[in-house]
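> Take a look at the following structure, please.
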Protein chains: 2
Amino acid sequence: MDKVKLGIIGIGNMGTGHAKNIIKGEVKEIELCAVADCKEARRNWAEENLSEDITVFESGDQLIEAGICDAVLVATPHYEHPRLVIKALEHGLHVLCEKPSGVYTLQVREMNEVAAKHELVFAMMFNQRTNHVYRKMHELVQGGTLGKIKRVNWIVTDWYRTQSYYDSGEWRATWAGEGGGVLLNQCPHNLDLLQWICGMPSSVRAFCHNGKWHNIEVEDDVTAYLEYPNGATGVFITTTADAPGTNRFEITLEKGKLVCEEDKLTLFELNVSEREHCFREMEGFKKPEGHFVELETDGLNPQHIGVMKAFAGKILHGTPLVADGSEGINGLMLSNAMHLSSWLKKTVEIPFDEELFLVELNKLRVNSKFKKTVKETTFNTEGTY
Amino acid sequence: MDKVKLGIIGIGNMGTGHAKNIIKGEVKEIELCAVADCKEARRNWAEENLSEDITVFESGDQLIEAGICDAVLVATPHYEHPRLVIKALEHGLHVLCEKPSGVYTLQVREMNEVAAKHELVFAMMFNQRTNHVYRKMHELVQGGTLGKIKRVNWIVTDWYRTQSYYDSGEWRATWAGEGGGVLLNQCPHNLDLLQWICGMPSSVRAFCHNGKWHNIEVEDDVTAYLEYPNGATGVFITTTADAPGTNRFEITLEKGKLVCEEDKLTLFELNVSEREHCFREMEGFKKPEGHFVELETDGLNPQHIGVMKAFAGKILHGTPLVADGSEGINGLMLSNAMHLSSWLKKTVEIPFDEELFLVELNKLRVNSKFKKTVKETTFNTEGTY
């Protein structure tokens with residue numbers, strides 16, 4: 001095999017973008033051989049715009065069963081991700097899954113268990129991990145030279161969306177159609193980066209506000225307080241209604257502080273650990289000395305194309321992925337824990353009661369205005385965990 | 001009267017600084033005529049360093065009773081503020097009180113009631129209100145042209161203190177001696193500015209960590225989540241252990257965003273309110289347009305001297321104060337609400353149960369390592385509310 005034959009399941013906003021990148025030759029290691037979508041208008045678009053070599057299917061199931069691909073990219077609405085990933089793996093296909101990995105961790109846990117049983121490549125589309133700035137933060141924090149984390153503040157309120165965005169699809173921003181709001185749709189990247197760079201918190205107390213700024217039933221405003229196993233604390237603040245928003249990710253460690261604001265990263269490094277200084281220094285007000293460090297990065301930020309190239313590279317040559325599929329559950333655990341904390345109005349320990357999460361989510365799904373899909377599609381996925 | 005004869009009660013760090021400013025002629029409208037301190041070493045310092053015209057007393061009570069001053073500046077440890085303010089007012093003296101106004105709102109409420117009954121000037125030493133940057137924020141937010149507040153994030157983690165600071169006085173950072181940690185000692189300015197600029201929240205959920213970074217019994221690390229009557233939310237994050245710390249105060253409003261970082265203020269103003277744009281704009285991802293505004297301020301920042309001049313000006317000529325004494329309770333309500341929320345591990349509505357706060361505080365005072373003062377001084381103040 002010198003090229004991976006890929007099928008894309010779901011050609012909405014994301015799937016179409018991926019298809020175009022491949023067709024333009026941006027990912028030479030991948031050949032697009034099929035697409036699938038349940039919507040006729042999208043299939044018509046595919047038949048009019050894509051080469052005749054590319055087969056168009058009415059469903060992901062048909063695409064998988066046809067046996068003409070080596071791999072699939074799953075880019076459907078979130079609830080369907082785990083079911084389709086599992087089916088593809090069970091048909092011997094490699095899988096690249098769009099974020100989020102799913103809507104609730106129980107279904108994603110089952111997906112990971114299936115993936116672990118197969119010698120197939122399973123990857124997540126965490127394209128933000130390809131950003132050189134976040135890679136540098138991961139390297140610096142996980143490398144350990146800056147000591148332990150003391151505080152993490154991420155204000156990421158620049159996910160602006162108008163009401164017309166939410167009105168553009170009736171499944172959008174509904175409990176039954178999407179399973180959440182800004183945490184499920186916009187923030188999976190941030191939540192993945194947060195855990196990738198800083199590790200998993202041990203508890204969360206979140207305050208999610210549903211339809212606070214838009215006419216929607218899910219959350220569009222979240223403030224979460226985090227505690228980490230080593231005692232570090234943090235906040236994660238997000239919304240789709242702030243203008244101008246902020247994207248400022250600050251990590252204070254024992255030996256310095258990293259601040260990433262609007263894609264610019266700064267590091268102030270201390271000469272000695274603050275923990276040592278605190279107990280040795282005899283002056284009461286004297287701060288530890290330090291200096292700004294000129295950070296060098298490779299400047300690369302290949303985003304979706306980088307993830308697809310790495311996915312193909314893993315299949316063809318065994319080179320590393322950007323993000324293993326099994327890691328998709330981590331950011332979702334954070335998201336689920338935030339929702340659960342807000343619903344129960346109390347602090348939630350991680351790992352949390354995943355059955356309870358689903359019970360609570362299902363209460364919201366039953367009362368969701370997106371009734372049709374509750375019956376036809378969404379509740380079908382319940383049997384998959 | 002062409003000069004105000006002032007007595008300073010408590011010549012520790014703050015009182016000594018104020019005395020020096022007056023002696024240097026920085027506040028021409030004030031003449032220092034007396035000081036008081038219960039510590040012999042400080043009285044010796046005063047007798048050696050101050051002019052013979054300045055009478056040195058062993059206690060604030062004696063200074064007040066001597067009848068040689070028009071006004072007093074109360075700069076003792078926090079618990080004593082309300083008792084001394086009340087006594088001074090009842091002896092016909094004008095009063096300038098150092099921050100915080102007291103340790104618990106019940107005692108401050110009684111102080112305010114006494115002040116309301118007297119035609120005397122009562123002021124708080126909120127010197128940060130004289131900073132042109134914060135005055136501009138107050139003017140812009142309270143002026144209303146930027147619309148309602150949507151979000152307030154203040155990360156003020158640059159109150160660095162070493163262990164030796166806390167070891168410098170045995171009353172320091174104890175429940176019995178000081179009644180709190182970073183919220184009571186370092187943050188009263190920030191909490192006052194927060195309420196002065198943004199108004200009072202309606203509820204608080206705070207996470208205070210006691211002796212997390214230092215060997216102390218009170219809190220040195222706080223994250224508080226705030227909700228405002230109009231639905232706005234916010235966080236207030238502080239510590240005495242971050243290095244380098246951050247001081248970033250961000251206010252998002254319907255028509256723009258203010259960011260004050262390291263004393264530099266920026267305003268991004270929207271051309272139309274985000275609330276209008278959200279429901280009129282047909283593009284889903286399109287952000288409201290706007291521009292940075294060059295902010296003009298008077299550049300003045302007279303700090304303590306400004307507060308003392310305004311205090312004298314009010315007494316002599318009826319000109320405005322920087323901060324009325326009765327406003328001291330607001331920041332303390334925030335501080336008390338944060339403590340109470342953390343002790344009860346739940347959200348606290350404002351106004352909160354002030355009797356309950358004192359019950360909880362007294363539990364901590366009884367078990368405080370600063371036992372001596374519990375008996376001799378601090379519990380004496382209980383009879384004052």
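Every chain in the structure tokens takes a letter, A first, then B, and so on in the order presented; its residues are numbered from 1, and the ligands are numbered from 1 following the presented order.
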If you run DSSP on the backbone here, which positions in region 90-291 of chain B get strand (DSSP E or B)? Please write them as a PDB file with N, CA and C atoms, in the first residue's frame.


ATOM      1  N   HIS B  94     -13.588  63.399  63.789  1.00  0.00           N
ATOM      2  CA  HIS B  94     -13.680  62.867  62.430  1.00  0.00           C
ATOM      3  C   HIS B  94     -12.756  61.645  62.343  1.00  0.00           C
ATOM      4  N   VAL B  95     -13.088  60.701  61.445  1.00  0.00           N
ATOM      5  CA  VAL B  95     -12.297  59.460  61.387  1.00  0.00           C
ATOM      6  C   VAL B  95     -11.953  59.043  59.964  1.00  0.00           C
ATOM      7  N   LEU B  96     -10.683  58.712  59.809  1.00  0.00           N
ATOM      8  CA  LEU B  96     -10.221  58.046  58.581  1.00  0.00           C
ATOM      9  C   LEU B  96      -9.764  56.654  59.014  1.00  0.00           C
ATOM     10  N   CYS B  97     -10.362  55.626  58.432  1.00  0.00           N
ATOM     11  CA  CYS B  97     -10.099  54.247  58.862  1.00  0.00           C
ATOM     12  C   CYS B  97      -9.297  53.495  57.801  1.00  0.00           C
ATOM     13  N   PHE B 122     -16.412  60.691  58.047  1.00  0.00           N
ATOM     14  CA  PHE B 122     -15.971  59.313  58.234  1.00  0.00           C
ATOM     15  C   PHE B 122     -15.543  58.793  56.862  1.00  0.00           C
ATOM     16  N   ALA B 123     -14.280  58.425  56.758  1.00  0.00           N
ATOM     17  CA  ALA B 123     -13.722  58.042  55.448  1.00  0.00           C
ATOM     18  C   ALA B 123     -12.946  56.744  55.547  1.00  0.00           C
ATOM     19  N   MET B 124     -12.843  56.050  54.422  1.00  0.00           N
ATOM     20  CA  MET B 124     -12.032  54.828  54.361  1.00  0.00           C
ATOM     21  C   MET B 124     -10.765  55.091  53.541  1.00  0.00           C
ATOM     22  N   ILE B 149     -22.763  44.924  32.204  1.00  0.00           N
ATOM     23  CA  ILE B 149     -21.636  43.991  32.343  1.00  0.00           C
ATOM     24  C   ILE B 149     -22.108  42.582  32.027  1.00  0.00           C
ATOM     25  N   LYS B 150     -21.286  41.831  31.311  1.00  0.00           N
ATOM     26  CA  LYS B 150     -21.570  40.424  31.033  1.00  0.00           C
ATOM     27  C   LYS B 150     -20.627  39.484  31.789  1.00  0.00           C
ATOM     28  N   ARG B 151     -19.376  39.918  31.963  1.00  0.00           N
ATOM     29  CA  ARG B 151     -18.391  39.035  32.594  1.00  0.00           C
ATOM     30  C   ARG B 151     -17.273  39.875  33.223  1.00  0.00           C
ATOM     31  N   VAL B 152     -16.823  39.421  34.382  1.00  0.00           N
ATOM     32  CA  VAL B 152     -15.747  40.099  35.107  1.00  0.00           C
ATOM     33  C   VAL B 152     -14.724  39.046  35.533  1.00  0.00           C
ATOM     34  N   ASN B 153     -13.503  39.146  35.048  1.00  0.00           N
ATOM     35  CA  ASN B 153     -12.458  38.212  35.476  1.00  0.00           C
ATOM     36  C   ASN B 153     -11.310  39.009  36.062  1.00  0.00           C
ATOM     37  N   TRP B 154     -11.078  38.841  37.337  1.00  0.00           N
ATOM     38  CA  TRP B 154      -9.906  39.512  37.925  1.00  0.00           C
ATOM     39  C   TRP B 154      -8.970  38.447  38.488  1.00  0.00           C
ATOM     40  N   ILE B 155      -7.829  38.301  37.820  1.00  0.00           N
ATOM     41  CA  ILE B 155      -6.755  37.446  38.325  1.00  0.00           C
ATOM     42  C   ILE B 155      -5.762  38.380  38.993  1.00  0.00           C
ATOM     43  N   VAL B 156      -5.722  38.354  40.316  1.00  0.00           N
ATOM     44  CA  VAL B 156      -4.805  39.255  41.018  1.00  0.00           C
ATOM     45  C   VAL B 156      -3.947  38.407  41.966  1.00  0.00           C
ATOM     46  N   SER B 203     -24.389  36.534  44.403  1.00  0.00           N
ATOM     47  CA  SER B 203     -23.979  35.279  45.048  1.00  0.00           C
ATOM     48  C   SER B 203     -22.516  34.977  44.764  1.00  0.00           C
ATOM     49  N   VAL B 204     -21.958  34.157  45.638  1.00  0.00           N
ATOM     50  CA  VAL B 204     -20.536  33.806  45.562  1.00  0.00           C
ATOM     51  C   VAL B 204     -20.364  32.330  45.871  1.00  0.00           C
ATOM     52  N   ARG B 205     -19.523  31.642  45.081  1.00  0.00           N
ATOM     53  CA  ARG B 205     -19.058  30.307  45.451  1.00  0.00           C
ATOM     54  C   ARG B 205     -17.542  30.378  45.440  1.00  0.00           C
ATOM     55  N   ALA B 206     -16.948  30.265  46.612  1.00  0.00           N
ATOM     56  CA  ALA B 206     -15.497  30.443  46.696  1.00  0.00           C
ATOM     57  C   ALA B 206     -14.815  29.192  47.206  1.00  0.00           C
ATOM     58  N   PHE B 207     -13.548  29.082  46.838  1.00  0.00           N
ATOM     59  CA  PHE B 207     -12.705  27.955  47.220  1.00  0.00           C
ATOM     60  C   PHE B 207     -11.445  28.556  47.838  1.00  0.00           C
ATOM     61  N   CYS B 208     -11.443  28.632  49.176  1.00  0.00           N
ATOM     62  CA  CYS B 208     -10.301  29.208  49.892  1.00  0.00           C
ATOM     63  C   CYS B 208      -9.453  28.071  50.443  1.00  0.00           C
ATOM     64  N   HIS B 209      -8.163  28.154  50.241  1.00  0.00           N
ATOM     65  CA  HIS B 209      -7.261  27.116  50.731  1.00  0.00           C
ATOM     66  C   HIS B 209      -6.383  27.703  51.829  1.00  0.00           C
ATOM     67  N   ASN B 210      -6.493  27.121  53.009  1.00  0.00           N
ATOM     68  CA  ASN B 210      -5.758  27.608  54.170  1.00  0.00           C
ATOM     69  C   ASN B 210      -4.354  27.023  54.228  1.00  0.00           C
ATOM     70  N   GLU B 219      -6.253  31.519  54.858  1.00  0.00           N
ATOM     71  CA  GLU B 219      -6.165  31.249  53.420  1.00  0.00           C
ATOM     72  C   GLU B 219      -5.062  32.053  52.733  1.00  0.00           C
ATOM     73  N   ASP B 220      -4.336  31.374  51.843  1.00  0.00           N
ATOM     74  CA  ASP B 220      -3.355  32.068  51.003  1.00  0.00           C
ATOM     75  C   ASP B 220      -3.581  31.759  49.524  1.00  0.00           C
ATOM     76  N   ASP B 221      -4.768  31.226  49.213  1.00  0.00           N
ATOM     77  CA  ASP B 221      -5.101  30.883  47.830  1.00  0.00           C
ATOM     78  C   ASP B 221      -6.621  30.837  47.707  1.00  0.00           C
ATOM     79  N   VAL B 222      -7.162  31.662  46.809  1.00  0.00           N
ATOM     80  CA  VAL B 222      -8.623  31.788  46.693  1.00  0.00           C
ATOM     81  C   VAL B 222      -9.038  31.851  45.231  1.00  0.00           C
ATOM     82  N   THR B 223     -10.041  31.067  44.878  1.00  0.00           N
ATOM     83  CA  THR B 223     -10.735  31.238  43.605  1.00  0.00           C
ATOM     84  C   THR B 223     -12.207  31.415  43.930  1.00  0.00           C
ATOM     85  N   ALA B 224     -12.790  32.497  43.484  1.00  0.00           N
ATOM     86  CA  ALA B 224     -14.208  32.750  43.753  1.00  0.00           C
ATOM     87  C   ALA B 224     -14.956  32.954  42.451  1.00  0.00           C
ATOM     88  N   TYR B 225     -16.120  32.319  42.385  1.00  0.00           N
ATOM     89  CA  TYR B 225     -17.021  32.491  41.242  1.00  0.00           C
ATOM     90  C   TYR B 225     -18.160  33.396  41.696  1.00  0.00           C
ATOM     91  N   LEU B 226     -18.457  34.396  40.896  1.00  0.00           N
ATOM     92  CA  LEU B 226     -19.447  35.412  41.280  1.00  0.00           C
ATOM     93  C   LEU B 226     -20.606  35.433  40.290  1.00  0.00           C
ATOM     94  N   GLU B 227     -21.804  35.673  40.808  1.00  0.00           N
ATOM     95  CA  GLU B 227     -22.938  35.968  39.928  1.00  0.00           C
ATOM     96  C   GLU B 227     -23.537  37.302  40.349  1.00  0.00           C
ATOM     97  N   THR B 233     -21.493  37.066  35.206  1.00  0.00           N
ATOM     98  CA  THR B 233     -20.707  36.173  36.060  1.00  0.00           C
ATOM     99  C   THR B 233     -19.271  36.682  36.129  1.00  0.00           C
ATOM    100  N   GLY B 234     -18.521  36.114  37.043  1.00  0.00           N
ATOM    101  CA  GLY B 234     -17.140  36.539  37.165  1.00  0.00           C
ATOM    102  C   GLY B 234     -16.313  35.593  37.999  1.00  0.00           C
ATOM    103  N   VAL B 235     -15.007  35.786  37.933  1.00  0.00           N
ATOM    104  CA  VAL B 235     -14.103  35.090  38.849  1.00  0.00           C
ATOM    105  C   VAL B 235     -13.172  36.111  39.484  1.00  0.00           C
ATOM    106  N   PHE B 236     -12.774  35.790  40.703  1.00  0.00           N
ATOM    107  CA  PHE B 236     -11.780  36.581  41.426  1.00  0.00           C
ATOM    108  C   PHE B 236     -10.774  35.565  41.955  1.00  0.00           C
ATOM    109  N   ILE B 237      -9.529  35.699  41.517  1.00  0.00           N
ATOM    110  CA  ILE B 237      -8.504  34.701  41.822  1.00  0.00           C
ATOM    111  C   ILE B 237      -7.318  35.398  42.474  1.00  0.00           C
ATOM    112  N   THR B 238      -6.936  34.933  43.643  1.00  0.00           N
ATOM    113  CA  THR B 238      -5.826  35.594  44.319  1.00  0.00           C
ATOM    114  C   THR B 238      -4.993  34.607  45.128  1.00  0.00           C
ATOM    115  N   THR B 239      -3.767  34.994  45.395  1.00  0.00           N
ATOM    116  CA  THR B 239      -2.862  34.189  46.205  1.00  0.00           C
ATOM    117  C   THR B 239      -1.685  35.066  46.614  1.00  0.00           C
ATOM    118  N   ASN B 247      -1.713  40.486  37.386  1.00  0.00           N
ATOM    119  CA  ASN B 247      -2.785  41.402  37.790  1.00  0.00           C
ATOM    120  C   ASN B 247      -3.517  41.815  36.527  1.00  0.00           C
ATOM    121  N   ARG B 248      -4.565  41.083  36.228  1.00  0.00           N
ATOM    122  CA  ARG B 248      -5.317  41.295  34.992  1.00  0.00           C
ATOM    123  C   ARG B 248      -6.801  41.329  35.311  1.00  0.00           C
ATOM    124  N   PHE B 249      -7.393  42.478  35.078  1.00  0.00           N
ATOM    125  CA  PHE B 249      -8.783  42.761  35.443  1.00  0.00           C
ATOM    126  C   PHE B 249      -9.521  43.027  34.128  1.00  0.00           C
ATOM    127  N   GLU B 250     -10.383  42.099  33.777  1.00  0.00           N
ATOM    128  CA  GLU B 250     -11.065  42.140  32.479  1.00  0.00           C
ATOM    129  C   GLU B 250     -12.563  42.257  32.697  1.00  0.00           C
ATOM    130  N   ILE B 251     -13.178  43.226  32.042  1.00  0.00           N
ATOM    131  CA  ILE B 251     -14.633  43.403  32.153  1.00  0.00           C
ATOM    132  C   ILE B 251     -15.218  43.401  30.751  1.00  0.00           C
ATOM    133  N   THR B 252     -16.071  42.421  30.467  1.00  0.00           N
ATOM    134  CA  THR B 252     -16.740  42.372  29.175  1.00  0.00           C
ATOM    135  C   THR B 252     -18.135  42.947  29.344  1.00  0.00           C
ATOM    136  N   LEU B 253     -18.461  43.910  28.509  1.00  0.00           N
ATOM    137  CA  LEU B 253     -19.782  44.548  28.573  1.00  0.00           C
ATOM    138  C   LEU B 253     -20.487  44.365  27.240  1.00  0.00           C
ATOM    139  N   GLY B 256     -18.483  46.378  24.597  1.00  0.00           N
ATOM    140  CA  GLY B 256     -17.034  46.406  24.523  1.00  0.00           C
ATOM    141  C   GLY B 256     -16.362  45.668  25.656  1.00  0.00           C
ATOM    142  N   LYS B 257     -15.046  45.721  25.657  1.00  0.00           N
ATOM    143  CA  LYS B 257     -14.279  45.020  26.682  1.00  0.00           C
ATOM    144  C   LYS B 257     -13.159  45.906  27.204  1.00  0.00           C
ATOM    145  N   LEU B 258     -13.072  45.972  28.529  1.00  0.00           N
ATOM    146  CA  LEU B 258     -11.994  46.688  29.205  1.00  0.00           C
ATOM    147  C   LEU B 258     -11.020  45.667  29.762  1.00  0.00           C
ATOM    148  N   VAL B 259      -9.734  45.889  29.550  1.00  0.00           N
ATOM    149  CA  VAL B 259      -8.722  45.038  30.170  1.00  0.00           C
ATOM    150  C   VAL B 259      -7.690  45.933  30.842  1.00  0.00           C
ATOM    151  N   CYS B 260      -7.514  45.734  32.129  1.00  0.00           N
ATOM    152  CA  CYS B 260      -6.475  46.454  32.858  1.00  0.00           C
ATOM    153  C   CYS B 260      -5.433  45.432  33.282  1.00  0.00           C
ATOM    154  N   GLU B 261      -4.253  45.523  32.686  1.00  0.00           N
ATOM    155  CA  GLU B 261      -3.197  44.576  33.033  1.00  0.00           C
ATOM    156  C   GLU B 261      -1.942  45.355  33.375  1.00  0.00           C
ATOM    157  N   LYS B 264      -2.074  49.068  32.918  1.00  0.00           N
ATOM    158  CA  LYS B 264      -2.344  49.615  31.582  1.00  0.00           C
ATOM    159  C   LYS B 264      -3.762  49.224  31.184  1.00  0.00           C
ATOM    160  N   LEU B 265      -4.548  50.226  30.808  1.00  0.00           N
ATOM    161  CA  LEU B 265      -5.966  49.996  30.509  1.00  0.00           C
ATOM    162  C   LEU B 265      -6.228  50.083  29.015  1.00  0.00           C
ATOM    163  N   THR B 266      -6.919  49.063  28.465  1.00  0.00           N
ATOM    164  CA  THR B 266      -7.330  49.132  27.061  1.00  0.00           C
ATOM    165  C   THR B 266      -8.838  48.940  26.967  1.00  0.00           C
ATOM    166  N   LEU B 267      -9.420  49.612  25.989  1.00  0.00           N
ATOM    167  CA  LEU B 267     -10.859  49.471  25.718  1.00  0.00           C
ATOM    168  C   LEU B 267     -11.050  49.144  24.249  1.00  0.00           C
ATOM    169  N   PHE B 268     -11.722  48.031  24.003  1.00  0.00           N
ATOM    170  CA  PHE B 268     -12.170  47.726  22.643  1.00  0.00           C
ATOM    171  C   PHE B 268     -13.664  47.984  22.640  1.00  0.00           C
ATOM    172  N   GLU B 269     -14.086  48.956  21.834  1.00  0.00           N
ATOM    173  CA  GLU B 269     -15.500  49.331  21.828  1.00  0.00           C
ATOM    174  C   GLU B 269     -16.177  48.806  20.562  1.00  0.00           C
ATOM    175  N   LEU B 270     -17.382  48.266  20.730  1.00  0.00           N
ATOM    176  CA  LEU B 270     -18.126  47.753  19.579  1.00  0.00           C
ATOM    177  C   LEU B 270     -18.939  48.885  18.932  1.00  0.00           C
ATOM    178  N   GLY B 290     -15.728  46.531  15.793  1.00  0.00           N
ATOM    179  CA  GLY B 290     -15.392  47.553  16.774  1.00  0.00           C
ATOM    180  C   GLY B 290     -13.971  48.018  16.590  1.00  0.00           C
ATOM    181  N   HIS B 291     -13.465  48.738  17.574  1.00  0.00           N
ATOM    182  CA  HIS B 291     -12.148  49.357  17.450  1.00  0.00           C
ATOM    183  C   HIS B 291     -11.590  49.648  18.833  1.00  0.00           C
TER     184      HIS B 291
END

> Could the residues of chain A within 6 Å of chain B, counting only C-alpha atoms, be given as an NGL selection string, please?

:A and (161-165 or 278-279 or 282 or 284-285)

> Take the residues from that selection and put them in a file with C-alpha atoms, as a CSV table (one decimal), in the first residue's frame.


chain,number,residue,atom,x,y,z
A,161,ARG,CA,-21.6,32.6,17.4
A,162,THR,CA,-24.7,34.5,16.4
A,163,GLN,CA,-28.3,33.3,16.9
A,164,SER,CA,-28.4,32.5,13.1
A,165,TYR,CA,-25.6,30.0,13.6
A,278,CYS,CA,9.5,31.1,49.9
A,279,PHE,CA,11.1,29.3,52.9
A,282,MET,CA,14.3,36.5,54.9
A,284,GLY,CA,8.9,39.3,53.6
A,285,PHE,CA,7.9,41.0,50.4

> Got a sec to tell me which of region 16-186 of chain B DSSP assigns to alpha helix (DSSP H), as a ChimeraX atom specification?

/B:16-23,40-49,60-66,81-90,105-117,132-143,163-166,182-185

> With a distance cut-off of 7 Å and only C-alpha atoms, select the neighbouring residues of region 307-315 of chain B, excluding the residue or stretch itself and same-chain residues fewer than 5 positions from it, and output the selection as a PDB file with C-alpha atoms, in the first residue's frame.


ATOM      1  CA  VAL B   4      -6.935  69.398  60.769  1.00  0.00           C
ATOM      2  CA  VAL B  27      -0.533  66.849  53.280  1.00  0.00           C
ATOM      3  CA  GLU B  29      -4.057  70.502  55.364  1.00  0.00           C
ATOM      4  CA  ILE B  30      -3.190  68.077  58.182  1.00  0.00           C
ATOM      5  CA  VAL B 121     -16.534  63.051  58.463  1.00  0.00           C
ATOM      6  CA  ALA B 123     -13.722  58.042  55.448  1.00  0.00           C
ATOM      7  CA  MET B 125      -8.402  54.577  53.257  1.00  0.00           C
ATOM      8  CA  ASN B 127      -6.142  54.646  48.242  1.00  0.00           C
ATOM      9  CA  PRO B 320     -15.694  65.201  48.272  1.00  0.00           C
ATOM     10  CA  LEU B 321     -14.019  62.220  49.900  1.00  0.00           C
ATOM     11  CA  VAL B 322     -12.231  59.493  47.930  1.00  0.00           C
TER      12      VAL B 322
END
